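Structure data follow from query.cif (mmCIF, C-alpha atoms and all ligand atoms):
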```cif
data_protein
loop_
_atom_site.label_atom_id
_atom_site.label_comp_id
_atom_site.auth_asym_id
_atom_site.auth_seq_id
_atom_site.Cartn_x
_atom_site.Cartn_y
_atom_site.Cartn_z
CA MET P 1 -134.52 -15.07 -151.80
CA LEU P 2 -132.41 -11.91 -151.98
CA THR P 3 -131.35 -10.13 -155.14
CA GLU P 4 -128.18 -8.09 -155.57
CA PRO P 5 -126.80 -5.76 -154.40
CA VAL P 6 -126.64 -6.94 -150.80
CA THR P 7 -124.33 -6.29 -147.85
CA ILE P 8 -122.38 -9.02 -146.10
CA ALA P 9 -124.48 -8.55 -142.95
CA ARG P 10 -127.71 -8.93 -144.93
CA ALA P 11 -126.43 -12.02 -146.73
CA LEU P 12 -125.38 -13.61 -143.43
CA ALA P 13 -128.79 -12.94 -141.90
CA GLN P 14 -130.57 -14.37 -144.93
CA VAL P 15 -128.54 -17.59 -144.91
CA GLN P 16 -129.26 -18.03 -141.20
CA ALA P 17 -132.95 -17.41 -141.82
CA GLU P 18 -132.79 -20.39 -144.19
CA GLY P 19 -131.85 -22.56 -141.21
CA LEU P 20 -128.05 -22.51 -141.14
CA ASN P 21 -126.21 -21.87 -137.89
CA ARG P 22 -124.09 -18.73 -137.56
CA LEU P 23 -120.74 -20.46 -137.98
CA ASP P 24 -121.80 -22.35 -141.11
CA ALA P 25 -123.25 -19.12 -142.52
CA GLN P 26 -119.97 -17.30 -141.88
CA MET P 27 -117.95 -20.11 -143.43
CA LEU P 28 -120.09 -20.10 -146.57
CA VAL P 29 -119.89 -16.32 -146.94
CA LEU P 30 -116.10 -16.48 -146.58
CA HIS P 31 -116.02 -19.25 -149.17
CA ALA P 32 -118.23 -17.29 -151.58
CA LEU P 33 -115.81 -14.34 -151.20
CA GLY P 34 -112.77 -16.55 -151.80
CA LYS P 35 -111.48 -15.91 -148.27
CA ALA P 36 -109.80 -18.38 -145.92
CA PRO P 37 -111.90 -20.10 -143.20
CA HIS P 38 -109.88 -18.38 -140.46
CA ASP P 39 -110.85 -14.93 -141.78
CA ARG P 40 -113.94 -14.57 -139.57
CA ALA P 41 -112.54 -11.37 -138.04
CA TRP P 42 -112.40 -9.84 -141.53
CA LEU P 43 -116.02 -10.79 -142.04
CA LEU P 44 -117.13 -9.07 -138.84
CA ALA P 45 -115.14 -5.93 -139.71
CA HIS P 46 -116.65 -5.74 -143.21
CA ASP P 47 -120.31 -6.46 -142.58
CA THR P 48 -121.43 -3.26 -144.32
CA ASP P 49 -119.42 -4.07 -147.49
CA TRP P 50 -121.36 -5.06 -150.58
CA LEU P 51 -121.02 -8.63 -151.81
CA PRO P 52 -119.27 -8.58 -155.18
CA PRO P 53 -121.41 -9.46 -158.23
CA GLY P 54 -122.01 -13.20 -158.53
CA ALA P 55 -121.11 -13.98 -154.91
CA LEU P 56 -124.75 -13.93 -153.79
CA ALA P 57 -125.79 -16.61 -156.29
CA ALA P 58 -122.82 -18.78 -155.26
CA LEU P 59 -123.69 -18.27 -151.60
CA GLN P 60 -127.35 -19.17 -152.08
CA ALA P 61 -126.44 -22.35 -153.96
CA ALA P 62 -123.97 -23.33 -151.23
CA ALA P 63 -126.50 -22.57 -148.47
CA ALA P 64 -129.11 -24.77 -150.16
CA ARG P 65 -126.61 -27.67 -150.23
CA ARG P 66 -125.78 -27.19 -146.55
CA ALA P 67 -129.47 -26.99 -145.64
CA GLY P 68 -129.86 -30.32 -147.46
CA GLY P 69 -127.43 -31.91 -145.02
CA GLU P 70 -124.26 -31.90 -147.09
CA PRO P 71 -121.16 -31.56 -144.91
CA LEU P 72 -119.71 -28.05 -144.91
CA ALA P 73 -116.32 -29.50 -145.88
CA TYR P 74 -117.66 -30.88 -149.17
CA ILE P 75 -119.08 -27.48 -150.06
CA THR P 76 -115.94 -25.51 -149.21
CA GLY P 77 -113.69 -28.36 -150.41
CA CYS P 78 -111.42 -28.26 -147.39
CA LYS P 79 -111.13 -29.40 -143.81
CA GLU P 80 -108.50 -28.72 -141.18
CA PHE P 81 -107.06 -31.77 -139.42
CA PHE P 82 -104.16 -31.72 -136.96
CA GLY P 83 -103.21 -28.28 -138.24
CA LEU P 84 -103.18 -29.34 -141.90
CA GLN P 85 -105.54 -27.95 -144.54
CA LEU P 86 -106.82 -31.01 -146.40
CA ALA P 87 -108.75 -31.01 -149.66
CA VAL P 88 -111.88 -33.16 -149.27
CA ASP P 89 -114.79 -34.11 -151.49
CA PRO P 90 -117.46 -36.84 -151.54
CA ARG P 91 -114.84 -39.47 -152.49
CA VAL P 92 -113.63 -39.45 -148.86
CA LEU P 93 -114.96 -39.29 -145.33
CA VAL P 94 -114.64 -35.83 -143.78
CA PRO P 95 -111.82 -36.05 -141.18
CA ARG P 96 -113.20 -35.69 -137.61
CA PRO P 97 -111.43 -33.99 -134.70
CA ASP P 98 -111.99 -37.23 -132.69
CA THR P 99 -109.43 -38.91 -134.93
CA GLU P 100 -106.70 -36.59 -133.66
CA THR P 101 -106.74 -38.82 -130.55
CA LEU P 102 -105.47 -41.67 -132.74
CA VAL P 103 -102.73 -39.49 -134.25
CA GLU P 104 -101.54 -38.38 -130.80
CA TRP P 105 -101.48 -41.94 -129.53
CA ALA P 106 -99.49 -43.08 -132.59
CA LEU P 107 -96.97 -40.26 -132.06
CA GLY P 108 -96.63 -41.47 -128.47
CA VAL P 109 -95.71 -45.05 -129.43
CA LEU P 110 -93.43 -44.15 -132.36
CA PRO P 111 -89.85 -42.98 -131.80
CA GLY P 112 -89.50 -39.21 -131.38
CA ASN P 113 -86.43 -38.67 -133.51
CA ALA P 114 -85.51 -41.84 -135.40
CA PRO P 115 -86.71 -43.54 -138.57
CA ALA P 116 -89.69 -45.90 -138.18
CA ARG P 117 -92.39 -47.38 -140.40
CA VAL P 118 -96.10 -46.78 -139.96
CA ALA P 119 -99.09 -47.86 -142.06
CA ASP P 120 -102.46 -46.05 -142.14
CA LEU P 121 -105.19 -48.44 -143.29
CA GLY P 122 -108.24 -46.87 -144.96
CA THR P 123 -106.50 -43.53 -145.28
CA GLY P 124 -109.32 -41.70 -147.10
CA SER P 125 -108.20 -38.07 -147.46
CA GLY P 126 -104.82 -39.10 -146.03
CA ALA P 127 -105.57 -37.26 -142.78
CA ILE P 128 -103.85 -39.62 -140.33
CA ALA P 129 -100.94 -40.52 -142.61
CA LEU P 130 -100.22 -36.88 -143.45
CA ALA P 131 -100.56 -35.69 -139.85
CA LEU P 132 -97.97 -38.30 -138.81
CA LYS P 133 -95.57 -37.42 -141.62
CA ALA P 134 -95.98 -33.67 -141.03
CA THR P 135 -95.12 -34.10 -137.35
CA ARG P 136 -92.29 -36.65 -137.73
CA GLY P 137 -90.42 -36.20 -140.96
CA LEU P 138 -88.27 -39.30 -140.36
CA LEU P 139 -91.26 -41.64 -140.50
CA THR P 140 -91.86 -43.84 -143.53
CA VAL P 141 -95.62 -43.66 -143.95
CA VAL P 142 -97.63 -46.09 -146.08
CA ALA P 143 -101.22 -44.99 -146.72
CA VAL P 144 -103.62 -47.71 -147.90
CA ASP P 145 -107.15 -47.55 -149.25
CA ALA P 146 -109.45 -49.97 -151.08
CA SER P 147 -110.94 -47.03 -152.97
CA ARG P 148 -108.83 -45.72 -155.85
CA ASP P 149 -110.91 -42.56 -155.69
CA ALA P 150 -109.98 -42.00 -152.06
CA LEU P 151 -106.34 -42.75 -152.74
CA ALA P 152 -106.32 -40.09 -155.46
CA VAL P 153 -107.50 -37.54 -152.86
CA ALA P 154 -104.80 -38.67 -150.40
CA ALA P 155 -102.08 -38.49 -153.07
CA CYS P 156 -103.25 -35.02 -154.10
CA ASN P 157 -103.17 -33.82 -150.47
CA ALA P 158 -99.68 -35.27 -150.01
CA GLN P 159 -98.42 -33.48 -153.09
CA ARG P 160 -100.06 -30.17 -152.19
CA LEU P 161 -98.60 -30.30 -148.68
CA GLY P 162 -95.20 -31.46 -149.90
CA LEU P 163 -95.33 -34.57 -147.70
CA ASP P 164 -93.74 -37.76 -148.98
CA ILE P 165 -95.98 -40.75 -148.20
CA GLU P 166 -96.45 -43.97 -150.15
CA CYS P 167 -100.02 -44.64 -151.36
CA VAL P 168 -101.01 -48.30 -151.83
CA HIS P 169 -104.27 -49.55 -153.32
CA GLY P 170 -105.71 -52.63 -151.63
CA ASP P 171 -107.84 -54.20 -148.95
CA TRP P 172 -106.14 -53.33 -145.67
CA LEU P 173 -102.68 -54.99 -145.66
CA GLN P 174 -103.29 -57.25 -148.66
CA HIS P 175 -100.86 -55.46 -151.01
CA VAL P 176 -98.55 -54.08 -148.37
CA THR P 177 -95.10 -55.55 -147.91
CA GLY P 178 -92.76 -55.39 -144.98
CA GLN P 179 -93.20 -54.90 -141.27
CA PHE P 180 -94.17 -51.85 -139.31
CA ASP P 181 -93.51 -50.25 -135.95
CA ALA P 182 -97.16 -49.22 -135.86
CA VAL P 183 -100.31 -49.86 -137.87
CA VAL P 184 -103.09 -47.33 -137.38
CA SER P 185 -106.59 -47.23 -138.79
CA ASN P 186 -109.88 -45.39 -138.63
CA PRO P 187 -111.82 -48.16 -140.37
CA PRO P 188 -115.53 -48.15 -141.16
CA TYR P 189 -117.18 -49.15 -137.89
CA ILE P 190 -120.85 -48.30 -138.02
CA ALA P 191 -123.34 -51.18 -137.90
CA ALA P 192 -125.10 -51.63 -141.25
CA ALA P 193 -128.56 -50.92 -139.76
CA ASP P 194 -127.54 -47.99 -137.52
CA PRO P 195 -130.14 -45.19 -137.83
CA HIS P 196 -127.32 -42.62 -137.34
CA LEU P 197 -126.23 -43.40 -140.94
CA GLN P 198 -129.04 -41.20 -142.25
CA ALA P 199 -127.15 -38.14 -141.02
CA LEU P 200 -124.02 -39.38 -142.84
CA ARG P 201 -125.72 -40.11 -146.17
CA HIS P 202 -123.49 -37.73 -148.15
CA GLU P 203 -120.30 -39.57 -147.14
CA PRO P 204 -119.04 -42.78 -148.80
CA ALA P 205 -120.72 -45.88 -147.33
CA LEU P 206 -117.50 -47.85 -147.85
CA ALA P 207 -115.84 -45.58 -145.29
CA LEU P 208 -118.65 -45.88 -142.75
CA THR P 209 -120.29 -49.29 -142.43
CA SER P 210 -118.83 -52.68 -141.74
CA GLY P 211 -121.21 -55.60 -141.26
CA ALA P 212 -123.98 -56.26 -138.77
CA ASP P 213 -122.06 -55.09 -135.68
CA GLY P 214 -119.73 -52.64 -137.45
CA LEU P 215 -116.64 -54.68 -136.58
CA ASP P 216 -116.03 -56.72 -139.75
CA ALA P 217 -113.18 -54.45 -140.85
CA VAL P 218 -111.53 -54.70 -137.43
CA ARG P 219 -111.74 -58.51 -137.58
CA THR P 220 -110.17 -58.53 -141.07
CA ILE P 221 -107.37 -56.19 -140.01
CA LEU P 222 -106.68 -58.43 -137.03
CA THR P 223 -106.23 -61.51 -139.24
CA GLN P 224 -103.61 -59.66 -141.35
CA VAL P 225 -101.78 -57.48 -138.88
CA PRO P 226 -99.67 -60.04 -136.96
CA HIS P 227 -97.65 -60.65 -140.17
CA HIS P 228 -96.95 -56.96 -140.59
CA LEU P 229 -96.05 -55.74 -137.11
CA LYS P 230 -92.51 -55.92 -135.78
CA PRO P 231 -92.07 -57.48 -132.32
CA GLY P 232 -93.42 -54.86 -129.92
CA GLY P 233 -95.15 -53.01 -132.79
CA TRP P 234 -98.48 -51.34 -132.02
CA LEU P 235 -101.89 -51.64 -133.63
CA LEU P 236 -104.10 -48.62 -132.88
CA LEU P 237 -107.73 -48.51 -134.03
CA GLU P 238 -110.47 -45.90 -133.90
CA HIS P 239 -113.96 -47.26 -133.22
CA GLY P 240 -117.49 -46.28 -132.28
CA TYR P 241 -118.50 -44.78 -128.92
CA ASP P 242 -119.83 -48.12 -127.62
CA GLN P 243 -117.30 -50.52 -129.16
CA ALA P 244 -114.24 -50.18 -126.88
CA GLY P 245 -114.97 -53.34 -124.87
CA ALA P 246 -115.64 -55.42 -127.98
CA VAL P 247 -112.52 -54.14 -129.77
CA ARG P 248 -110.31 -54.75 -126.72
CA ALA P 249 -111.61 -58.34 -126.58
CA LEU P 250 -110.75 -58.84 -130.27
CA LEU P 251 -107.26 -57.39 -129.73
CA VAL P 252 -106.62 -59.69 -126.75
CA ALA P 253 -107.91 -62.72 -128.70
CA ALA P 254 -105.49 -61.83 -131.54
CA GLY P 255 -102.58 -62.07 -129.09
CA LEU P 256 -101.84 -58.37 -128.65
CA GLN P 257 -100.50 -57.18 -125.33
CA ALA P 258 -100.99 -54.10 -123.13
CA VAL P 259 -104.44 -53.74 -124.68
CA GLN P 260 -106.00 -50.41 -123.68
CA SER P 261 -108.26 -47.59 -124.87
CA ARG P 262 -107.93 -43.82 -125.23
CA ARG P 263 -110.66 -41.20 -124.84
CA ASP P 264 -111.48 -38.48 -127.37
CA LEU P 265 -112.08 -34.80 -126.53
CA ALA P 266 -115.65 -35.63 -125.51
CA GLY P 267 -114.35 -38.18 -122.96
CA ILE P 268 -115.54 -41.17 -125.01
CA GLU P 269 -113.35 -44.27 -125.36
CA ARG P 270 -112.66 -43.71 -129.07
CA CYS P 271 -109.51 -45.74 -129.83
CA SER P 272 -108.18 -49.09 -128.66
CA GLY P 273 -104.85 -50.72 -129.27
CA GLY P 274 -102.17 -53.11 -128.17
CA HIS P 275 -98.71 -54.27 -129.16
CA MET P 276 -97.22 -57.48 -130.47
CA PRO P 277 -95.22 -59.53 -127.97
CA HIS P 278 -91.59 -58.40 -127.72
CA GLY P 279 -89.21 -60.77 -129.53
N1 LIG W 1 -116.71 -41.03 -136.81
C1 LIG W 1 -117.64 -41.21 -137.88
C2 LIG W 1 -119.03 -40.91 -137.36
O1 LIG W 1 -119.58 -41.66 -136.60
C3 LIG W 1 -117.57 -42.60 -138.46
C4 LIG W 1 -116.25 -42.87 -139.04
C5 LIG W 1 -116.02 -44.31 -139.33
O2 LIG W 1 -116.91 -45.13 -139.53
N2 LIG W 1 -114.79 -44.63 -139.36
O3 LIG W 1 -119.57 -39.89 -137.70
#
```
Can I see the file as structure tokens?
Amino acid sequence: MLTEPVTIARALAQVQAEGLNRLDAQMLVLHALGKAPHDRAWLLAHDTDWLPPGALAALQAAAARRAGGEPLAYITGCKEFFGLQLAVDPRVLVPRPDTETLVEWALGVLPGNAPARVADLGTGSGAIALALKATRGLLTVVAVDASRDALAVAACNAQRLGLDIECVHGDWLQHVTGQFDAVVSNPPYIAAADPHLQALRHEPALALTSGADGLDAVRTILTQVPHHLKPGGWLLLEHGYDQAGAVRALLVAAGLQAVQSRRDLAGIERCSGGHMPHG
């Protein structure tokens, strides 16, 4: 444990000695200094500066949380997704870069420069809904979550970013009216007994697990979605690394067409989808 005064370089070394990797250590020092996450160059240029009074205590508290497995984004309170700075806290899942695959696919099936309606089911922080609205201003975006807490985070992000989306509380499409050109979702998909959940213990279980095989939410969405998709409208779902085959089978059984999967940046089949029959 260090006591003040201490240089930035010394503080960084100490935090790493406590088991944090270099990037996390840099992010926490920037946060303790009230600097933006992209200011790493500033940090490197100022490593002989003294930490201002009070910053060391804040840094040590943050480092202890990170060493305890808490996601960095909960400690700093923000996470970048699709170029947007989102506020996040333990009420919502931390948005993952893998989910950008789903956003890109949705942008590919929605019209480039015309009004259309899209629903994001289980919006959490609002990541997918806000990324779509930020990219295509003409979209009408409905963001749904069963957690009022999560919806409050999404609404706050929408307001902060000046993006006009509609937030609806409810189980999937239960309280949603009208039909959509696309329905997208990153639902909970981890099997209830998956040992990998231990590493995710700081995030809301409601956003992570879904029955014995992890696919209960997908099955529920599939019972509701045919009433809410226009002819030719697309359903696009994120799922686990080993679930693509099972999700495609469920999509085919629900009557969707052109059923296919998309790979994430790691080359893993991460999303599957299909469209309603045309007319
Ligand atoms: N992608 C998350 C993970 O496995 C899970 C998200 C989810 O269940 N929707 O870390």
If you measure from CA of Pro231 (chain P) to CA of Ala258 (chain P), what distance in Å do you get, rounded to one decimal?
13.2 Å
Between CA of Gly68 (chain P) and CA of Asn21 (chain P), distance in Å (one decimal)
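A separation of 13.3 Å between them.
The protein and nucleic acid residues lying at most 9 Å from His278 (chain P) are Lys230, Pro231, Gly232, Gly233 and His275 of chain P, with only C-alpha atoms considered and sequence neighbours fewer than 3 positions away removed.
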Counting all atoms listed in the file, write as a VMD selection string all protein and nucleic acid residues lying at most 7 Å from (-116.7, -11.4, -151.9) in the file's frame.
chain P and resid 32 to 34 51 to 52 55
Could you turn the residues from that selection into a file that holds C-alpha atoms, as a short mmCIF file (atom, residue, chain, number, x, y, z; two decimals), in the frame of the given file?
```cif
data_model
loop_
_atom_site.label_atom_id
_atom_site.label_comp_id
_atom_site.auth_asym_id
_atom_site.auth_seq_id
_atom_site.Cartn_x
_atom_site.Cartn_y
_atom_site.Cartn_z
CA ALA P 32 -118.23 -17.29 -151.58
CA LEU P 33 -115.81 -14.34 -151.20
CA GLY P 34 -112.77 -16.55 -151.80
CA LEU P 51 -121.02 -8.63 -151.81
CA PRO P 52 -119.27 -8.58 -155.18
CA ALA P 55 -121.11 -13.98 -154.91
#
```
As a quick test: using all atoms listed in the file, which residues lie no more than 12 Å away from ligand LIG 1 (chain W)? Give them as a PyMOL selection string.
chain P and resi 71+92-102+121-124+185-192+194-211+213-218+237-243+264+268+270-271
Please write the residues from the selection above to a file, keeping C-alpha atoms, as a PDB file, in the coordinates of the input.
```
ATOM      1  CA  PRO P  71    -121.160 -31.560-144.910  1.00  0.00           C
ATOM      2  CA  VAL P  92    -113.630 -39.450-148.860  1.00  0.00           C
ATOM      3  CA  LEU P  93    -114.960 -39.290-145.330  1.00  0.00           C
ATOM      4  CA  VAL P  94    -114.640 -35.830-143.780  1.00  0.00           C
ATOM      5  CA  PRO P  95    -111.820 -36.050-141.180  1.00  0.00           C
ATOM      6  CA  ARG P  96    -113.200 -35.690-137.610  1.00  0.00           C
ATOM      7  CA  PRO P  97    -111.430 -33.990-134.700  1.00  0.00           C
ATOM      8  CA  ASP P  98    -111.990 -37.230-132.690  1.00  0.00           C
ATOM      9  CA  THR P  99    -109.430 -38.910-134.930  1.00  0.00           C
ATOM     10  CA  GLU P 100    -106.700 -36.590-133.660  1.00  0.00           C
ATOM     11  CA  THR P 101    -106.740 -38.820-130.550  1.00  0.00           C
ATOM     12  CA  LEU P 102    -105.470 -41.670-132.740  1.00  0.00           C
ATOM     13  CA  LEU P 121    -105.190 -48.440-143.290  1.00  0.00           C
ATOM     14  CA  GLY P 122    -108.240 -46.870-144.960  1.00  0.00           C
ATOM     15  CA  THR P 123    -106.500 -43.530-145.280  1.00  0.00           C
ATOM     16  CA  GLY P 124    -109.320 -41.700-147.100  1.00  0.00           C
ATOM     17  CA  SER P 185    -106.590 -47.230-138.790  1.00  0.00           C
ATOM     18  CA  ASN P 186    -109.880 -45.390-138.630  1.00  0.00           C
ATOM     19  CA  PRO P 187    -111.820 -48.160-140.370  1.00  0.00           C
ATOM     20  CA  PRO P 188    -115.530 -48.150-141.160  1.00  0.00           C
ATOM     21  CA  TYR P 189    -117.180 -49.150-137.890  1.00  0.00           C
ATOM     22  CA  ILE P 190    -120.850 -48.300-138.020  1.00  0.00           C
ATOM     23  CA  ALA P 191    -123.340 -51.180-137.900  1.00  0.00           C
ATOM     24  CA  ALA P 192    -125.100 -51.630-141.250  1.00  0.00           C
ATOM     25  CA  ASP P 194    -127.540 -47.990-137.520  1.00  0.00           C
ATOM     26  CA  PRO P 195    -130.140 -45.190-137.830  1.00  0.00           C
ATOM     27  CA  HIS P 196    -127.320 -42.620-137.340  1.00  0.00           C
ATOM     28  CA  LEU P 197    -126.230 -43.400-140.940  1.00  0.00           C
ATOM     29  CA  GLN P 198    -129.040 -41.200-142.250  1.00  0.00           C
ATOM     30  CA  ALA P 199    -127.150 -38.140-141.020  1.00  0.00           C
ATOM     31  CA  LEU P 200    -124.020 -39.380-142.840  1.00  0.00           C
ATOM     32  CA  ARG P 201    -125.720 -40.110-146.170  1.00  0.00           C
ATOM     33  CA  HIS P 202    -123.490 -37.730-148.150  1.00  0.00           C
ATOM     34  CA  GLU P 203    -120.300 -39.570-147.140  1.00  0.00           C
ATOM     35  CA  PRO P 204    -119.040 -42.780-148.800  1.00  0.00           C
ATOM     36  CA  ALA P 205    -120.720 -45.880-147.330  1.00  0.00           C
ATOM     37  CA  LEU P 206    -117.500 -47.850-147.850  1.00  0.00           C
ATOM     38  CA  ALA P 207    -115.840 -45.580-145.290  1.00  0.00           C
ATOM     39  CA  LEU P 208    -118.650 -45.880-142.750  1.00  0.00           C
ATOM     40  CA  THR P 209    -120.290 -49.290-142.430  1.00  0.00           C
ATOM     41  CA  SER P 210    -118.830 -52.680-141.740  1.00  0.00           C
ATOM     42  CA  GLY P 211    -121.210 -55.600-141.260  1.00  0.00           C
ATOM     43  CA  ASP P 213    -122.060 -55.090-135.680  1.00  0.00           C
ATOM     44  CA  GLY P 214    -119.730 -52.640-137.450  1.00  0.00           C
ATOM     45  CA  LEU P 215    -116.640 -54.680-136.580  1.00  0.00           C
ATOM     46  CA  ASP P 216    -116.030 -56.720-139.750  1.00  0.00           C
ATOM     47  CA  ALA P 217    -113.180 -54.450-140.850  1.00  0.00           C
ATOM     48  CA  VAL P 218    -111.530 -54.700-137.430  1.00  0.00           C
ATOM     49  CA  LEU P 237    -107.730 -48.510-134.030  1.00  0.00           C
ATOM     50  CA  GLU P 238    -110.470 -45.900-133.900  1.00  0.00           C
ATOM     51  CA  HIS P 239    -113.960 -47.260-133.220  1.00  0.00           C
ATOM     52  CA  GLY P 240    -117.490 -46.280-132.280  1.00  0.00           C
ATOM     53  CA  TYR P 241    -118.500 -44.780-128.920  1.00  0.00           C
ATOM     54  CA  ASP P 242    -119.830 -48.120-127.620  1.00  0.00           C
ATOM     55  CA  GLN P 243    -117.300 -50.520-129.160  1.00  0.00           C
ATOM     56  CA  ASP P 264    -111.480 -38.480-127.370  1.00  0.00           C
ATOM     57  CA  ILE P 268    -115.540 -41.170-125.010  1.00  0.00           C
ATOM     58  CA  ARG P 270    -112.660 -43.710-129.070  1.00  0.00           C
ATOM     59  CA  CYS P 271    -109.510 -45.740-129.830  1.00  0.00           C
TER      60      CYS P 271
END
```
Which residue is closest to Val153 (chain P)? Choose from P:Pro37, P:Gly69, P:Pro90, P:Gly19 and count only C-alpha atoms.
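Distance minimum relative to Val153 (chain P) lands on P:Pro90.
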With all heavy atoms as the goal, would you fill in the gaps in region 202-209 of chain P and present it as a JSON list (two decimals), in the coordinates of the input?
```
[["chain", "number", "residue", "atom", "x", "y", "z"],
["P", 202, "HIS", "N", -124.29, -38.34, -147.08],
["P", 202, "HIS", "CA", -123.49, -37.73, -148.15],
["P", 202, "HIS", "C", -122.08, -38.29, -148.21],
["P", 202, "HIS", "O", -121.34, -38.01, -149.14],
["P", 202, "HIS", "CB", -123.45, -36.21, -147.97],
["P", 202, "HIS", "CG", -124.79, -35.56, -148.16],
["P", 202, "HIS", "ND1", -125.29, -35.26, -149.40],
["P", 202, "HIS", "CD2", -125.74, -35.21, -147.27],
["P", 202, "HIS", "CE1", -126.49, -34.72, -149.26],
["P", 202, "HIS", "NE2", -126.79, -34.68, -147.98],
["P", 203, "GLU", "N", -121.68, -39.06, -147.19],
["P", 203, "GLU", "CA", -120.30, -39.57, -147.14],
["P", 203, "GLU", "C", -120.26, -41.00, -147.67],
["P", 203, "GLU", "O", -121.27, -41.70, -147.68],
["P", 203, "GLU", "CB", -119.76, -39.47, -145.71],
["P", 203, "GLU", "CG", -119.64, -38.01, -145.30],
["P", 203, "GLU", "CD", -119.07, -37.80, -143.91],
["P", 203, "GLU", "OE1", -117.86, -37.73, -143.77],
["P", 203, "GLU", "OE2", -119.88, -37.72, -142.96],
["P", 204, "PRO", "N", -119.09, -41.46, -148.14],
["P", 204, "PRO", "CA", -119.04, -42.78, -148.80],
["P", 204, "PRO", "C", -119.35, -43.93, -147.83],
["P", 204, "PRO", "O", -118.70, -44.05, -146.78],
["P", 204, "PRO", "CB", -117.59, -42.88, -149.32],
["P", 204, "PRO", "CG", -116.84, -41.77, -148.70],
["P", 204, "PRO", "CD", -117.79, -40.76, -148.15],
["P", 205, "ALA", "N", -120.31, -44.77, -148.19],
["P", 205, "ALA", "CA", -120.72, -45.88, -147.33],
["P", 205, "ALA", "C", -119.54, -46.81, -147.04],
["P", 205, "ALA", "O", -119.41, -47.34, -145.93],
["P", 205, "ALA", "CB", -121.86, -46.66, -147.98],
["P", 206, "LEU", "N", -118.66, -46.97, -148.03],
["P", 206, "LEU", "CA", -117.50, -47.85, -147.85],
["P", 206, "LEU", "C", -116.64, -47.42, -146.66],
["P", 206, "LEU", "O", -115.98, -48.23, -146.02],
["P", 206, "LEU", "CB", -116.65, -47.80, -149.13],
["P", 206, "LEU", "CG", -115.45, -48.73, -149.23],
["P", 206, "LEU", "CD1", -115.90, -50.18, -149.34],
["P", 206, "LEU", "CD2", -114.57, -48.37, -150.44],
["P", 207, "ALA", "N", -116.66, -46.11, -146.38],
["P", 207, "ALA", "CA", -115.84, -45.58, -145.29],
["P", 207, "ALA", "C", -116.56, -45.62, -143.95],
["P", 207, "ALA", "O", -115.98, -45.29, -142.92],
["P", 207, "ALA", "CB", -115.43, -44.14, -145.60],
["P", 208, "LEU", "N", -117.84, -46.01, -143.97],
["P", 208, "LEU", "CA", -118.65, -45.88, -142.75],
["P", 208, "LEU", "C", -119.11, -47.21, -142.16],
["P", 208, "LEU", "O", -119.02, -47.41, -140.94],
["P", 208, "LEU", "CB", -119.90, -45.03, -143.05],
["P", 208, "LEU", "CG", -119.66, -43.56, -143.33],
["P", 208, "LEU", "CD1", -120.90, -42.91, -143.90],
["P", 208, "LEU", "CD2", -119.25, -42.84, -142.04],
["P", 209, "THR", "N", -119.64, -48.11, -142.99],
["P", 209, "THR", "CA", -120.29, -49.29, -142.43],
["P", 209, "THR", "C", -119.45, -50.54, -142.63],
["P", 209, "THR", "O", -118.69, -50.66, -143.59],
["P", 209, "THR", "CB", -121.66, -49.54, -143.09],
["P", 209, "THR", "OG1", -121.46, -49.71, -144.49],
["P", 209, "THR", "CG2", -122.61, -48.41, -142.84]]
```
